[in-house]
Structure formats: C-alpha cells, structure tokens
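File shown: entry20.pdb (PDB, C-alpha atoms and all ligand atoms).
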ATOM      1  CA  MET A   1      -4.679  16.420   9.867
ATOM      2  CA  ALA A   2      -3.666  13.661  12.204
ATOM      3  CA  LEU A   3      -1.219  10.797  12.263
ATOM      4  CA  ARG A   4      -2.904   7.406  12.403
ATOM      5  CA  LYS A   5      -1.520   4.269  14.025
ATOM      6  CA  ILE A   6      -0.168   1.721  11.524
ATOM      7  CA  LEU A   7      -1.240  -1.866  12.234
ATOM      8  CA  LEU A   8       1.469  -4.501  12.322
ATOM      9  CA  HIS A   9       1.296  -7.992  10.851
ATOM     10  CA  PRO A  10      -0.130 -10.351  12.027
ATOM     11  CA  ASP A  11      -3.508  -8.620  12.412
ATOM     12  CA  PRO A  12      -6.856  -9.967  11.152
ATOM     13  CA  ARG A  13      -7.737  -6.531   9.689
ATOM     14  CA  LEU A  14      -4.789  -6.846   7.271
ATOM     15  CA  LYS A  15      -6.333 -10.029   5.823
ATOM     16  CA  LYS A  16      -9.761  -8.595   4.960
ATOM     17  CA  LYS A  17     -11.176  -7.668   1.555
ATOM     18  CA  CYS A  18     -12.033  -3.961   1.718
ATOM     19  CA  GLU A  19     -15.297  -2.308   0.645
ATOM     20  CA  PRO A  20     -15.488   0.130  -2.285
ATOM     21  CA  VAL A  21     -15.913   3.817  -1.479
ATOM     22  CA  THR A  22     -19.400   4.980  -2.476
ATOM     23  CA  GLU A  23     -18.829   8.733  -2.257
ATOM     24  CA  ILE A  24     -15.743  10.951  -2.156
ATOM     25  CA  ASP A  25     -16.878  13.300   0.600
ATOM     26  CA  ASP A  26     -15.026  15.474   3.121
ATOM     27  CA  GLU A  27     -14.612  12.498   5.444
ATOM     28  CA  THR A  28     -12.891  10.563   2.641
ATOM     29  CA  ARG A  29     -10.647  13.552   1.832
ATOM     30  CA  ILE A  30      -9.629  13.942   5.483
ATOM     31  CA  LEU A  31      -8.863  10.219   5.655
ATOM     32  CA  MET A  32      -6.717  10.469   2.497
ATOM     33  CA  GLN A  33      -4.779  13.443   3.906
ATOM     34  CA  ASP A  34      -4.255  11.657   7.241
ATOM     35  CA  MET A  35      -2.998   8.588   5.394
ATOM     36  CA  LEU A  36      -0.592  10.704   3.340
ATOM     37  CA  GLU A  37       0.752  12.418   6.448
ATOM     38  CA  THR A  38       1.098   9.066   8.236
ATOM     39  CA  MET A  39       2.947   7.618   5.220
ATOM     40  CA  TYR A  40       5.397  10.553   4.972
ATOM     41  CA  ASP A  41       5.975  10.418   8.721
ATOM     42  CA  ALA A  42       6.729   6.659   8.753
ATOM     43  CA  PRO A  43       8.460   7.196   6.237
ATOM     44  CA  GLY A  44       7.136   5.068   3.391
ATOM     45  CA  VAL A  45       6.182   5.270  -0.305
ATOM     46  CA  GLY A  46       2.677   3.819  -0.014
ATOM     47  CA  LEU A  47      -0.090   3.186   2.507
ATOM     48  CA  ALA A  48      -3.453   1.435   2.206
ATOM     49  CA  ALA A  49      -6.475   2.174   4.425
ATOM     50  CA  PRO A  50      -6.601  -1.308   6.037
ATOM     51  CA  GLN A  51      -3.100  -0.614   7.397
ATOM     52  CA  ILE A  52      -4.701   1.968   9.691
ATOM     53  CA  GLY A  53      -7.655  -0.324  10.410
ATOM     54  CA  ILE A  54     -10.105   1.185   7.904
ATOM     55  CA  LEU A  55     -11.491  -1.462   5.579
ATOM     56  CA  LYS A  56     -12.141   0.794   2.576
ATOM     57  CA  ARG A  57     -10.586   0.714  -0.900
ATOM     58  CA  ILE A  58      -8.342   3.757  -0.464
ATOM     59  CA  LEU A  59      -4.586   4.103  -0.905
ATOM     60  CA  VAL A  60      -1.959   6.822  -1.022
ATOM     61  CA  MET A  61       1.457   6.781  -2.682
ATOM     62  CA  ASP A  62       4.438   8.998  -3.342
ATOM     63  CA  VAL A  63       7.490   7.245  -4.732
ATOM     64  CA  VAL A  64       9.573  10.451  -5.052
ATOM     65  CA  LYS A  65      12.166   9.804  -2.373
ATOM     66  CA  GLU A  66      14.885  12.320  -3.125
ATOM     67  CA  GLU A  67      14.407  15.453  -1.079
ATOM     68  CA  GLU A  68      15.497  17.732  -3.934
ATOM     69  CA  ASN A  69      12.521  16.588  -6.035
ATOM     70  CA  ALA A  70       9.011  17.917  -5.536
ATOM     71  CA  PRO A  71       6.621  15.477  -3.866
ATOM     72  CA  GLN A  72       4.174  13.725  -6.174
ATOM     73  CA  PRO A  73       1.394  12.268  -4.056
ATOM     74  CA  TYR A  74      -1.366  10.079  -5.492
ATOM     75  CA  LEU A  75      -4.611   9.691  -3.557
ATOM     76  CA  MET A  76      -6.776   6.870  -4.903
ATOM     77  CA  ALA A  77     -10.184   5.432  -4.143
ATOM     78  CA  ASN A  78     -11.432   2.181  -5.699
ATOM     79  CA  PRO A  79      -8.219   1.647  -7.722
ATOM     80  CA  GLU A  80      -8.248  -1.193 -10.223
ATOM     81  CA  ILE A  81      -5.642  -2.522 -12.611
ATOM     82  CA  ILE A  82      -7.139  -2.329 -16.104
ATOM     83  CA  TRP A  83      -4.023  -3.441 -17.975
ATOM     84  CA  ALA A  84      -0.784  -5.209 -17.047
ATOM     85  CA  SER A  85       2.310  -5.862 -19.175
ATOM     86  CA  GLU A  86       3.380  -9.385 -20.013
ATOM     87  CA  GLU A  87       6.891  -8.515 -18.867
ATOM     88  CA  PHE A  88       7.663  -8.979 -15.203
ATOM     89  CA  ASN A  89      10.007  -7.150 -12.887
ATOM     90  CA  THR A  90      11.532  -8.116  -9.551
ATOM     91  CA  TYR A  91      11.798  -5.595  -6.731
ATOM     92  CA  GLU A  92      12.864  -5.998  -3.143
ATOM     93  CA  GLU A  93       9.685  -5.024  -1.301
ATOM     94  CA  GLY A  94       8.989  -3.967   2.242
ATOM     95  CA  CYS A  95       5.842  -2.877   4.044
ATOM     96  CA  LEU A  96       5.055  -0.418   6.848
ATOM     97  CA  SER A  97       2.991  -3.208   8.483
ATOM     98  CA  ILE A  98       5.970  -5.613   8.314
ATOM     99  CA  PRO A  99       8.895  -3.381   9.348
ATOM    100  CA  GLU A 100      12.517  -4.534   8.984
ATOM    101  CA  GLU A 101      11.540  -7.344   6.584
ATOM    102  CA  PHE A 102      12.315  -7.280   2.857
ATOM    103  CA  ALA A 103      11.977  -9.837   0.074
ATOM    104  CA  ASP A 104      12.092 -10.059  -3.712
ATOM    105  CA  VAL A 105       8.645 -10.092  -5.321
ATOM    106  CA  GLN A 106       7.924 -10.525  -9.027
ATOM    107  CA  ARG A 107       5.076  -8.483 -10.542
ATOM    108  CA  PRO A 108       4.079  -7.115 -13.962
ATOM    109  CA  GLU A 109       6.579  -4.429 -14.964
ATOM    110  CA  LYS A 110       3.937  -1.924 -16.122
ATOM    111  CA  VAL A 111       0.279  -1.455 -15.211
ATOM    112  CA  ARG A 112      -2.514   0.981 -16.000
ATOM    113  CA  VAL A 113      -4.693   1.866 -13.027
ATOM    114  CA  ARG A 114      -8.161   3.436 -13.020
ATOM    115  CA  TYR A 115      -9.279   5.156  -9.817
ATOM    116  CA  LEU A 116     -11.251   8.013  -8.311
ATOM    117  CA  ASP A 117      -9.180  10.978  -7.175
ATOM    118  CA  GLN A 118      -9.852  13.193  -4.149
ATOM    119  CA  ASN A 119     -12.414  15.180  -6.188
ATOM    120  CA  GLY A 120     -14.332  12.065  -7.203
ATOM    121  CA  GLU A 121     -13.045  12.310 -10.797
ATOM    122  CA  THR A 122     -12.154   9.120 -12.651
ATOM    123  CA  GLN A 123      -8.452   9.038 -13.539
ATOM    124  CA  GLU A 124      -6.157   6.626 -15.335
ATOM    125  CA  LEU A 125      -2.462   6.363 -14.553
ATOM    126  CA  ASP A 126       0.244   4.469 -16.417
ATOM    127  CA  CYS A 127       2.755   3.134 -13.932
ATOM    128  CA  ASP A 128       6.174   1.603 -14.350
ATOM    129  CA  GLY A 129       9.282   1.117 -12.227
ATOM    130  CA  LEU A 130       8.804   1.608  -8.490
ATOM    131  CA  LEU A 131       5.377   3.220  -9.024
ATOM    132  CA  ALA A 132       4.079   0.045 -10.739
ATOM    133  CA  THR A 133       5.390  -2.160  -7.934
ATOM    134  CA  CYS A 134       4.008   0.171  -5.284
ATOM    135  CA  VAL A 135       0.497   0.490  -6.722
ATOM    136  CA  GLN A 136       0.201  -3.309  -7.097
ATOM    137  CA  HIS A 137       1.456  -3.835  -3.541
ATOM    138  CA  GLU A 138      -1.075  -1.301  -2.178
ATOM    139  CA  ILE A 139      -4.015  -2.683  -4.207
ATOM    140  CA  ASP A 140      -3.125  -6.129  -2.820
ATOM    141  CA  HIS A 141      -3.622  -4.676   0.689
ATOM    142  CA  LEU A 142      -7.221  -3.799  -0.291
ATOM    143  CA  ASP A 143      -7.780  -7.505  -0.992
ATOM    144  CA  GLY A 144      -6.166  -8.655   2.249
ATOM    145  CA  LYS A 145      -2.958  -9.718   0.549
ATOM    146  CA  LEU A 146       0.545  -8.969   1.838
ATOM    147  CA  PHE A 147       3.855  -9.156  -0.055
ATOM    148  CA  ILE A 148       4.917 -12.099   2.104
ATOM    149  CA  ASP A 149       1.995 -14.060   0.597
ATOM    150  CA  TYR A 150       4.137 -14.266  -2.579
ATOM    151  CA  LEU A 151       6.912 -16.070  -0.689
ATOM    152  CA  GLY A 152       7.240 -19.754   0.099
ATOM    153  CA  PRO A 153       5.602 -21.052   3.294
ATOM    154  CA  VAL A 154       8.892 -21.462   5.176
ATOM    155  CA  LYS A 155      10.110 -17.925   4.507
ATOM    156  CA  ARG A 156       6.657 -16.511   5.229
ATOM    157  CA  SER A 157       6.300 -18.262   8.581
ATOM    158  CA  MET A 158       9.824 -17.168   9.588
ATOM    159  CA  ILE A 159       8.885 -13.535   8.922
ATOM    160  CA  THR A 160       5.565 -13.907  10.748
ATOM    161  CA  GLY A 161       7.389 -15.485  13.706
ATOM    162  CA  ARG A 162       9.824 -12.551  13.902
ATOM    163  CA  MET A 163       6.909 -10.086  13.622
ATOM    164  CA  LYS A 164       5.022 -11.741  16.504
ATOM    165  CA  LYS A 165       8.139 -11.383  18.647
ATOM    166  CA  ARG A 166       8.565  -7.719  17.637
ATOM    167  CA  LYS A 167       4.923  -6.933  18.372
ATOM    168  CA  LYS A 168       5.289  -8.456  21.830
ATOM    169  CA  GLU A 169       8.456  -6.419  22.494
ATOM    170  CA  ARG A 170       6.729  -3.202  21.373
ATOM    171  CA  ALA A 171       3.657  -3.935  23.499
ATOM    172  CA  SER A 172       5.778  -4.427  26.630
ATOM    173  CA  ALA A 173       8.155  -1.496  25.902
TER     174      ALA A 173
HETATM  175 NI    NI M 201       2.430  -2.740   2.508
END

What's the structure tokens form of this structure?
Amino acid sequence: MALRKILLHPDPRLKKKCEPVTEIDDETRILMQDMLETMYDAPGVGLAAPQIGILKRILVMDVVKEEENAPQPYLMANPEIIWASEEFNTYEEGCLSIPEEFADVQRPEKVRVRYLDQNGETQELDCDGLLATCVQHEIDHLDGKLFIDYLGPVKRSMITGRMKKRKKERASA
C-alpha cells in the first residue's frame, strides 16, 4: 500500500465528471486500499478518487472517529443515491482538498446508496447522520462538485482566494 498525494483546490481535475468503473480487479482493490490509507493518514473521514487525480467513480469512507471504536471502512465503486429523505440536515463540512476551510451545507438527512464493493458485489447502505453527509459529499466529488459550490459566490471566491495563496506558500516552502 502507498500514500497518494491529495490534490488541493483549485485544480481542474477536481471539477471533472468521473468515469464509472467497469471491473473490480486487483488494480481497483489496490487503489481503494491506497485511498483508505491516504484518508486515515490525512486524517479524514472520506476521500474520492479525483482527489488523488484519478477520474474514476471510487470513494472510501470511515466516519468512526473515536479511537476506542473499531474502524468501519466503506470502499465503494460506482456509488449512486437511490433514495433521499425529504428532511434536510445541516452539517459544518470540510474537505481534504480544501484544508482549514469549513462551512455549513444543507443536504438530505438520510440517503440509501447502491454501490459495488471491493469484491464486485452490489450492496445497498442506509446512511444517516455524518455518514449520510459524508457519502453525499464524496459522490459530489465524482461529479466534479465541491462543498463550496453550495455557498454563495462571495464566500466561495474568498475561500478559493485563500486556497490559491496557501497553494503558493506550500509550493515555495
Ligand atoms: Ni471533499
């Protein structure tokens, strides 16, 4: 397994619609494991393939934060939301590609997701709470959408401005 480099906003690869996975093969499984390791290392609760520059519909998640609880990783290919509640929830979201920035985003409170697991089996998962927010945030990444796209234009351009400055500082560090 290997850590992969996480792309930072703004980056054209974070704005692309990703391609479905046609086969869950060893290459896909290695990619999923690398993504999981990269996410835990960051640390974060979710990571989508475009965030490491791979434009495929793959994401990983583990919203169990407390160290005393066993990890509960989800590895998903071609995830799609097949049901969403009419009730909405607001969470303060962040993103590994937009570090140090957080904002309230409103999304359906509960969703049901259908996906292929690491064995190529079709699975369905009912999500609520942080898991529901996380899976919607990560699926958005597969369509080139970031959480700041839910904000007003002024707030969004302020965040993008700060990110450009941070990227420059990191590049020259
Ligand atoms: Ni994100």

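Note that the spacing between atom CA of A:Gln33 and atom CA of A:Val21 amounts to 15.7 Å.
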
Within 9 Å of ligand NI 201 (chain M): each chain A residue with its shortest pair, only C-alpha atoms and all ligand atoms, as CSV:
residue,atom,partner,partner_atom,distance
A:Gly46,CA,M:NI201,NI,7.0
A:Leu47,CA,M:NI201,NI,6.4
A:Ala48,CA,M:NI201,NI,7.2
A:Gln51,CA,M:NI201,NI,7.7
A:Glu93,CA,M:NI201,NI,8.5
A:Gly94,CA,M:NI201,NI,6.7
A:Cys95,CA,M:NI201,NI,3.7
A:Leu96,CA,M:NI201,NI,5.6
A:Ser97,CA,M:NI201,NI,6.0
A:Ile98,CA,M:NI201,NI,7.4
A:Cys134,CA,M:NI201,NI,8.5
A:His137,CA,M:NI201,NI,6.2
A:Glu138,CA,M:NI201,NI,6.0
A:Asp140,CA,M:NI201,NI,8.4
A:His141,CA,M:NI201,NI,6.6
A:Leu146,CA,M:NI201,NI,6.5
A:Phe147,CA,M:NI201,NI,7.1

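Here atom CA of A:Gln106 stands at a distance of 11.9 Å from atom CA of A:Glu86.
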
Would you list the contacts of A:Ile148 as a short mmCIF file (atom, residue, chain, number, x, y, z; two decimals) with C-alpha atoms, in the frame of the given file, taking every protein, DNA or RNA residue within 9 Å and counting only C-alpha atoms, but skipping same-chain residues closer than 5 positions in sequence?
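Result file is out.cif:
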data_model
loop_
_atom_site.label_atom_id
_atom_site.label_comp_id
_atom_site.auth_asym_id
_atom_site.auth_seq_id
_atom_site.Cartn_x
_atom_site.Cartn_y
_atom_site.Cartn_z
CA PHE A 102 12.32 -7.28 2.86
CA ALA A 103 11.98 -9.84 0.07
CA VAL A 105 8.64 -10.09 -5.32
CA LYS A 155 10.11 -17.92 4.51
CA ARG A 156 6.66 -16.51 5.23
CA ILE A 159 8.88 -13.54 8.92
CA THR A 160 5.56 -13.91 10.75
#

Atomic distance atom CA of A:Asp143 - atom CA of A:Lys15, expressed in Å with one decimal: 7.4 Å

Close residues, A:Phe88 itself excluded, 9 Å, only C-alpha atoms, min 6 positions apart in chain, as a ChimeraX atom specification: /A:106-110

Selection dump of the PyMOL selection byres (((chain A and resi 117-133) around 10) and not hetatm), as JSON, numbers by chain: {"A": [22, 23, 24, 25, 26, 28, 29, 30, 32, 33, 45, 46, 58, 61, 62, 63, 64, 74, 75, 76, 77, 78, 79, 80, 81, 82, 83, 84, 85, 89, 90, 91, 92, 93, 105, 106, 107, 108, 109, 110, 111, 112, 113, 114, 115, 116, 134, 135, 136, 137, 138]}

Hits from the PyMOL selection byres (((chain A and resi 167) around 12) and not hetatm), listed as a list in words: Leu7, Leu8, His9, Pro10, Asp11, Ser97, Ile98, Pro99, Thr160, Gly161, Arg162, Met163, Lys164, Lys165, Arg166, Lys168, Glu169, Arg170, Ala171, Ser172 and Ala173 of chain A

Selection: 8 Å around stretch 35-44 of chain A, only C-alpha atoms, excl. self and same-chain fewer than 6 positions, as a ChimeraX atom specification: /A:1-5,59-61,73,96

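Put simply, the PyMOL selection byres (((chain A and resi 18) around 6) and not hetatm) in this file takes in A:Lys17, A:Glu19, A:Leu55, A:Lys56, A:Arg57, A:Leu142.
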
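Nearest residue to A:Pro50, choosing from A:Pro20, A:Pro71, A:Gly144, A:Pro153 and counting only C-alpha atoms: A:Gly144.
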
To box stretch 82-90 of chain A, take all atoms listed in the file, fit an axis-aligned box, add 6 Å on each side, and give centre and edge lengths in Å to one decimal, as JSON.
{"center_x": 2.2, "center_y": -5.9, "center_z": -14.8, "size_x": 30.7, "size_y": 19.1, "size_z": 22.5}
